[in-house]
Amino acid sequence: MDSRITVRDNTEAGTYDAVLEDRVVGTIVYELRDHRMVLRHTVVDPEFRGQGIARALAGRALDDLAATGRTLTNYCGFVADYIQRNPRYARLVDADQPGWAHPRDAALRAAEQTPDAASGPAL
């Protein structure tokens, strides 16, 4: 990830934003409900995909979540995939309300690693 990109928690908007200069280049959308954080989706601008921005957003959101003692309800396929690859976060998933997200297909992840992936669904 470009070292000029920073990740910030925009509590007013309910987003974690990846910011380059004054431009938001990636976002995770969330809601706080009772004792849970509900992650809705992750979006990265096409020209910035494949640079680790979505991973940085997911890591920051989950680290912050762990620090608060809240649990996770997840509807984001990218975050489900991230948790599968980083199982230390699995304990955060709310047992009663885990969400509906499933890890993304291995073929999709492989496509993200190719140079032509900028035109595809990579995050």
# chains A, B, ... in the order shown; residues from 1 in each chain; ligands from 1

$ residues_around --residues "Arg60 of chain A" --least-positions-apart "4" --cutoff "12 Å" --atoms "only C-alpha atoms" --output "list of chain:residue names"
A:Thr6, A:Val7, A:Arg8, A:Asp9, A:Thr15, A:Tyr16, A:Asp17, A:Ala18, A:Thr27, A:Ile28, A:Ile53, A:Ala54, A:Arg55, A:Ala56, A:Asp64, A:Leu65, A:Ala66, A:Ala67, A:Val79, A:Tyr82, A:Tyr89

$ select_by_dssp --residues "chain A" --states "strand (DSSP E)" --output "PyMOL selection string"
chain A and resi 5-10+15-20+23-33+36-44+71-74

$ atom_distance --atom1 "atom CA of Arg36 of chain A" --atom2 "atom CA of Ile5 of chain A"
27.6 Å

$ select_by_dssp --residues "chain A" --states "alpha helix (DSSP H)" --output "PyMOL selection string"
chain A and resi 53-68+77-85+106-112

$ write_last_selection --atoms "C-alpha atoms" --output "compact mmCIF listing (two decimals), in the first residue's frame"
# COMPACT_ATOMS: atom_id res chain seq x y z
CA ILE A 53 -5.98 -0.97 0.68
CA ALA A 54 -8.94 -3.27 1.41
CA ARG A 55 -6.69 -5.40 3.65
CA ALA A 56 -5.57 -2.29 5.53
CA LEU A 57 -9.19 -1.17 5.98
CA ALA A 58 -10.30 -4.61 7.21
CA GLY A 59 -7.35 -4.93 9.58
CA ARG A 60 -7.93 -1.51 11.10
CA ALA A 61 -11.68 -2.05 11.52
CA LEU A 62 -11.20 -5.47 13.12
CA ASP A 63 -8.36 -4.29 15.38
CA ASP A 64 -10.51 -1.38 16.57
CA LEU A 65 -13.44 -3.75 17.07
CA ALA A 66 -11.31 -6.09 19.19
CA ALA A 67 -10.16 -3.17 21.33
CA THR A 68 -13.74 -2.12 22.11
CA GLY A 77 -17.49 -10.98 1.48
CA PHE A 78 -14.08 -9.34 1.51
CA VAL A 79 -14.04 -9.18 5.31
CA ALA A 80 -15.20 -12.82 5.51
CA ASP A 81 -12.26 -13.75 3.28
CA TYR A 82 -9.89 -11.62 5.37
CA ILE A 83 -11.02 -13.36 8.57
CA GLN A 84 -10.58 -16.76 6.93
CA ARG A 85 -6.97 -15.82 6.08
CA ALA A 106 -10.54 -18.74 -4.66
CA ALA A 107 -10.72 -17.95 -8.40
CA LEU A 108 -11.82 -14.39 -7.61
CA ARG A 109 -8.89 -13.96 -5.20
CA ALA A 110 -6.49 -15.31 -7.84
CA ALA A 111 -7.87 -12.90 -10.44
CA GLU A 112 -7.15 -10.01 -8.09

$ residues_around --residues "segment 91-93 of chain A" --least-positions-apart "3" --cutoff "9 Å" --atoms "only C-alpha atoms" --output "PyMOL selection string"
chain A and resi 62+65-66+69-74+87-88+96-99

$ atom_distance --atom1 "atom CA of Trp100 of chain A" --atom2 "atom CA of Val44 of chain A"
21.1 Å

$ closest_residue --among "A:Asp94, A:Glu12, A:Asp45, A:Asp2" --to "Glu31 of chain A" --atoms "only C-alpha atoms"
A:Glu12

$ atom_distance --atom1 "atom CA of Tyr75 of chain A" --atom2 "atom CA of His102 of chain A"
8.1 Å
